[in-house]
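A.B. asks: Okay, handing you the structure first.
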Amino acid sequence: MNTPKIPTNPYRGPGRPREFDMNAALDGAILVFREGGYHATSVADLCFAMQLTPGSIYKAFSDKRAIFLAAFERNTILCIGALRELLAKEATGANKIRAVLSFYAESSHGSEGRRGCLVTGSAMALATFDEEMAAQVQASLQRVEHLLMDLVRLGQADGSITEKIDIDATARTLQCLLQGFRVIGKLGRTRTEMMAAVNEAMRLLS
């Protein structure tokens, strides 16, 4: 996986001392952006979620947009790290794809699923609103699609995935499924329902 691009000027100024844990604060911002979306999230919401005063926030960030970009970057790094750990445990291309599908399915049921996905929600809300934010979302989606292409290719090489399927089209289909997981997860789904969809998706590879 490629190292994610760092957002342009996410903080107000370099070298400014901070009296709080930036990662913990951004984790709070991720949750509130996931649940409410970018437009509906206010600075007051962020203050509560990040456990910071407005003064502390504006010492570290220029505005809500800067907070979002930093939170999006933090979310990307966390997701990449989690996926790498899961993929390292699997030997074949097919099992690695199942691990990716299961990772998304596990995030798309119950209370976690109703919180929504920062990437999927942002793709719908920010596509025509802000070019830089839209580019960050697009890069994240492309990163996952390219990963799926690599895993399909690996599976065909190791014999765990049929050679009859088209690599690009299959990866795109799986990407649509992953994002669909996160959308319907907002409406409330059970783990059984999500994992059944994973099992059906794996039939595409056999």
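Residue numbers start at 1 in each chain; chains themselves are named A, B, ... in the order of the structure tokens; ligands are numbered from 1 in the order shown.
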For stretch 68-120 of chain A against stretch 154-170 of chain A, with a cut-off of 9 Å and counting only C-alpha atoms, what is the closest atom pair and its distance in Å to one decimal for every residue that makes the cut, ordered by chain and number, as JSON lines?
C.D. replies:
```
{"residue": "A:Thr92", "atom": "CA", "partner": "A:Gly155", "partner_atom": "CA", "distance": 6.1}
{"residue": "A:Gly93", "atom": "CA", "partner": "A:Gly155", "partner_atom": "CA", "distance": 3.8}
{"residue": "A:Ala94", "atom": "CA", "partner": "A:Gly155", "partner_atom": "CA", "distance": 5.5}
{"residue": "A:Asn95", "atom": "CA", "partner": "A:Ser160", "partner_atom": "CA", "distance": 8.2}
{"residue": "A:Lys96", "atom": "CA", "partner": "A:Gly155", "partner_atom": "CA", "distance": 8.7}
{"residue": "A:Ile97", "atom": "CA", "partner": "A:Gly155", "partner_atom": "CA", "distance": 8.8}
```
A.B. asks: Would you please give, as a PyMOL selection string, all residues of chain A that DSSP assigns to alpha helix (DSSP H) based on the backbone?
C.D. replies: chain A and resi 22-40+43-50+54-60+64-88+93-106+110-115+118-126+131-158+167-185+191-202
A.B. asks: Could you give me, as a ChimeraX atom specification, the residues within 12 Å of stretch 77-82 of chain A, counting only C-alpha atoms and dropping anything in the same chain fewer than 2 positions from it?
C.D. replies: /A:1-6,23,26-27,30,70-75,84-89,99-100,103-104,107,117-119,140,143-144,147
A.B. asks: Selection from above, N, CA and C atoms, as an mmCIF file, in the first residue's frame, can you write it?
C.D. replies:
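Contents of result-v3.cif, freshly written:
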```
data_model
loop_
_atom_site.group_PDB
_atom_site.id
_atom_site.type_symbol
_atom_site.label_atom_id
_atom_site.label_comp_id
_atom_site.auth_asym_id
_atom_site.auth_seq_id
_atom_site.Cartn_x
_atom_site.Cartn_y
_atom_site.Cartn_z
ATOM 1 N N MET A 1 0.843 -1.200 0.000
ATOM 2 C CA MET A 1 0.000 0.000 0.000
ATOM 3 C C MET A 1 0.877 1.248 0.000
ATOM 4 N N ASN A 2 0.444 2.241 -0.712
ATOM 5 C CA ASN A 2 1.204 3.483 -0.717
ATOM 6 C C ASN A 2 0.970 4.265 0.557
ATOM 7 N N THR A 3 1.976 5.005 0.968
ATOM 8 C CA THR A 3 1.814 5.873 2.127
ATOM 9 C C THR A 3 0.825 6.972 1.793
ATOM 10 N N PRO A 4 -0.195 7.182 2.623
ATOM 11 C CA PRO A 4 -1.219 8.176 2.304
ATOM 12 C C PRO A 4 -0.647 9.582 2.241
ATOM 13 N N LYS A 5 -1.184 10.388 1.342
ATOM 14 C CA LYS A 5 -0.755 11.769 1.200
ATOM 15 C C LYS A 5 -1.167 12.584 2.407
ATOM 16 N N ILE A 6 -0.233 13.365 2.918
ATOM 17 C CA ILE A 6 -0.524 14.226 4.059
ATOM 18 C C ILE A 6 -1.283 15.450 3.585
ATOM 19 N N ASN A 23 -3.503 12.708 18.685
ATOM 20 C CA ASN A 23 -4.160 11.526 18.137
ATOM 21 C C ASN A 23 -5.476 11.229 18.856
ATOM 22 N N LEU A 26 -8.028 13.705 17.610
ATOM 23 C CA LEU A 26 -8.478 13.393 16.261
ATOM 24 C C LEU A 26 -9.369 12.156 16.235
ATOM 25 N N ASP A 27 -9.114 11.207 17.125
ATOM 26 C CA ASP A 27 -9.996 10.037 17.215
ATOM 27 C C ASP A 27 -11.416 10.471 17.582
ATOM 28 N N ILE A 30 -12.941 12.016 14.462
ATOM 29 C CA ILE A 30 -13.347 10.992 13.504
ATOM 30 C C ILE A 30 -14.750 10.494 13.831
ATOM 31 N N ALA A 70 -7.204 16.586 8.867
ATOM 32 C CA ALA A 70 -6.326 15.876 9.799
ATOM 33 C C ALA A 70 -6.986 14.604 10.316
ATOM 34 N N ALA A 71 -8.291 14.682 10.597
ATOM 35 C CA ALA A 71 -9.023 13.501 11.070
ATOM 36 C C ALA A 71 -9.096 12.443 9.967
ATOM 37 N N PHE A 72 -9.289 12.866 8.737
ATOM 38 C CA PHE A 72 -9.349 11.934 7.617
ATOM 39 C C PHE A 72 -8.015 11.221 7.456
ATOM 40 N N GLU A 73 -6.930 11.963 7.580
ATOM 41 C CA GLU A 73 -5.598 11.369 7.483
ATOM 42 C C GLU A 73 -5.365 10.356 8.606
ATOM 43 N N ARG A 74 -5.766 10.711 9.811
ATOM 44 C CA ARG A 74 -5.640 9.800 10.956
ATOM 45 C C ARG A 74 -6.466 8.532 10.711
ATOM 46 N N ASN A 75 -7.669 8.684 10.204
ATOM 47 C CA ASN A 75 -8.539 7.552 9.921
ATOM 48 C C ASN A 75 -7.912 6.636 8.874
ATOM 49 N N ARG A 84 -3.319 -4.141 7.183
ATOM 50 C CA ARG A 84 -2.017 -4.787 7.033
ATOM 51 C C ARG A 84 -1.851 -5.937 8.017
ATOM 52 N N GLU A 85 -2.295 -5.727 9.248
ATOM 53 C CA GLU A 85 -2.201 -6.789 10.242
ATOM 54 C C GLU A 85 -3.018 -8.006 9.838
ATOM 55 N N LEU A 86 -4.227 -7.769 9.342
ATOM 56 C CA LEU A 86 -5.089 -8.875 8.932
ATOM 57 C C LEU A 86 -4.520 -9.602 7.721
ATOM 58 N N LEU A 87 -4.050 -8.862 6.736
ATOM 59 C CA LEU A 87 -3.536 -9.472 5.514
ATOM 60 C C LEU A 87 -2.272 -10.281 5.770
ATOM 61 N N ALA A 88 -1.467 -9.843 6.719
ATOM 62 C CA ALA A 88 -0.220 -10.549 7.020
ATOM 63 C C ALA A 88 -0.480 -11.945 7.579
ATOM 64 N N LYS A 89 -1.662 -12.171 8.112
ATOM 65 C CA LYS A 89 -1.986 -13.466 8.719
ATOM 66 C C LYS A 89 -2.466 -14.493 7.693
ATOM 67 N N ALA A 99 -10.431 -11.589 4.129
ATOM 68 C CA ALA A 99 -10.070 -10.786 5.302
ATOM 69 C C ALA A 99 -10.477 -9.330 5.114
ATOM 70 N N VAL A 100 -10.283 -8.799 3.898
ATOM 71 C CA VAL A 100 -10.680 -7.407 3.619
ATOM 72 C C VAL A 100 -12.200 -7.274 3.699
ATOM 73 N N PHE A 103 -13.331 -7.441 7.262
ATOM 74 C CA PHE A 103 -12.968 -6.212 7.981
ATOM 75 C C PHE A 103 -14.059 -5.157 7.797
ATOM 76 N N TYR A 104 -14.513 -4.992 6.571
ATOM 77 C CA TYR A 104 -15.578 -4.019 6.302
ATOM 78 C C TYR A 104 -16.908 -4.483 6.874
ATOM 79 N N SER A 107 -17.327 -3.829 10.476
ATOM 80 C CA SER A 107 -17.522 -2.402 10.778
ATOM 81 C C SER A 107 -18.889 -1.900 10.337
ATOM 82 N N CYS A 117 -19.280 5.456 7.908
ATOM 83 C CA CYS A 117 -17.892 5.418 7.441
ATOM 84 C C CYS A 117 -17.465 6.828 7.024
ATOM 85 N N LEU A 118 -16.320 7.261 7.498
ATOM 86 C CA LEU A 118 -15.834 8.597 7.169
ATOM 87 C C LEU A 118 -15.603 8.729 5.666
ATOM 88 N N VAL A 119 -15.031 7.693 5.047
ATOM 89 C CA VAL A 119 -14.730 7.765 3.613
ATOM 90 C C VAL A 119 -16.010 7.758 2.783
ATOM 91 N N SER A 140 -8.325 7.610 -1.268
ATOM 92 C CA SER A 140 -8.584 6.516 -0.337
ATOM 93 C C SER A 140 -9.335 5.383 -1.027
ATOM 94 N N ARG A 143 -7.049 3.580 -3.440
ATOM 95 C CA ARG A 143 -6.077 2.751 -2.728
ATOM 96 C C ARG A 143 -6.657 1.368 -2.435
ATOM 97 N N VAL A 144 -7.911 1.351 -1.992
ATOM 98 C CA VAL A 144 -8.563 0.076 -1.693
ATOM 99 C C VAL A 144 -8.788 -0.724 -2.978
ATOM 100 N N LEU A 147 -5.605 -2.256 -4.075
ATOM 101 C CA LEU A 147 -5.280 -3.380 -3.197
ATOM 102 C C LEU A 147 -6.051 -4.620 -3.647
#
```
A.B. asks: Residues at most 10 Å from A:Ala24, counting only C-alpha atoms, excluding those fewer than 4 positions away in the same chain, as a compact mmCIF listing (two decimals) with C-alpha atoms, in the first residue's frame?
C.D. replies:
```
# COMPACT_ATOMS: atom_id res chain seq x y z
CA PHE A 20 -3.18 17.66 24.58
CA GLY A 28 -12.83 11.99 18.80
CA ALA A 29 -13.19 14.12 15.67
CA ILE A 30 -13.35 10.99 13.50
CA ALA A 49 -15.89 15.05 20.95
CA MET A 50 -12.23 16.11 21.09
CA GLN A 51 -12.54 17.20 24.75
```
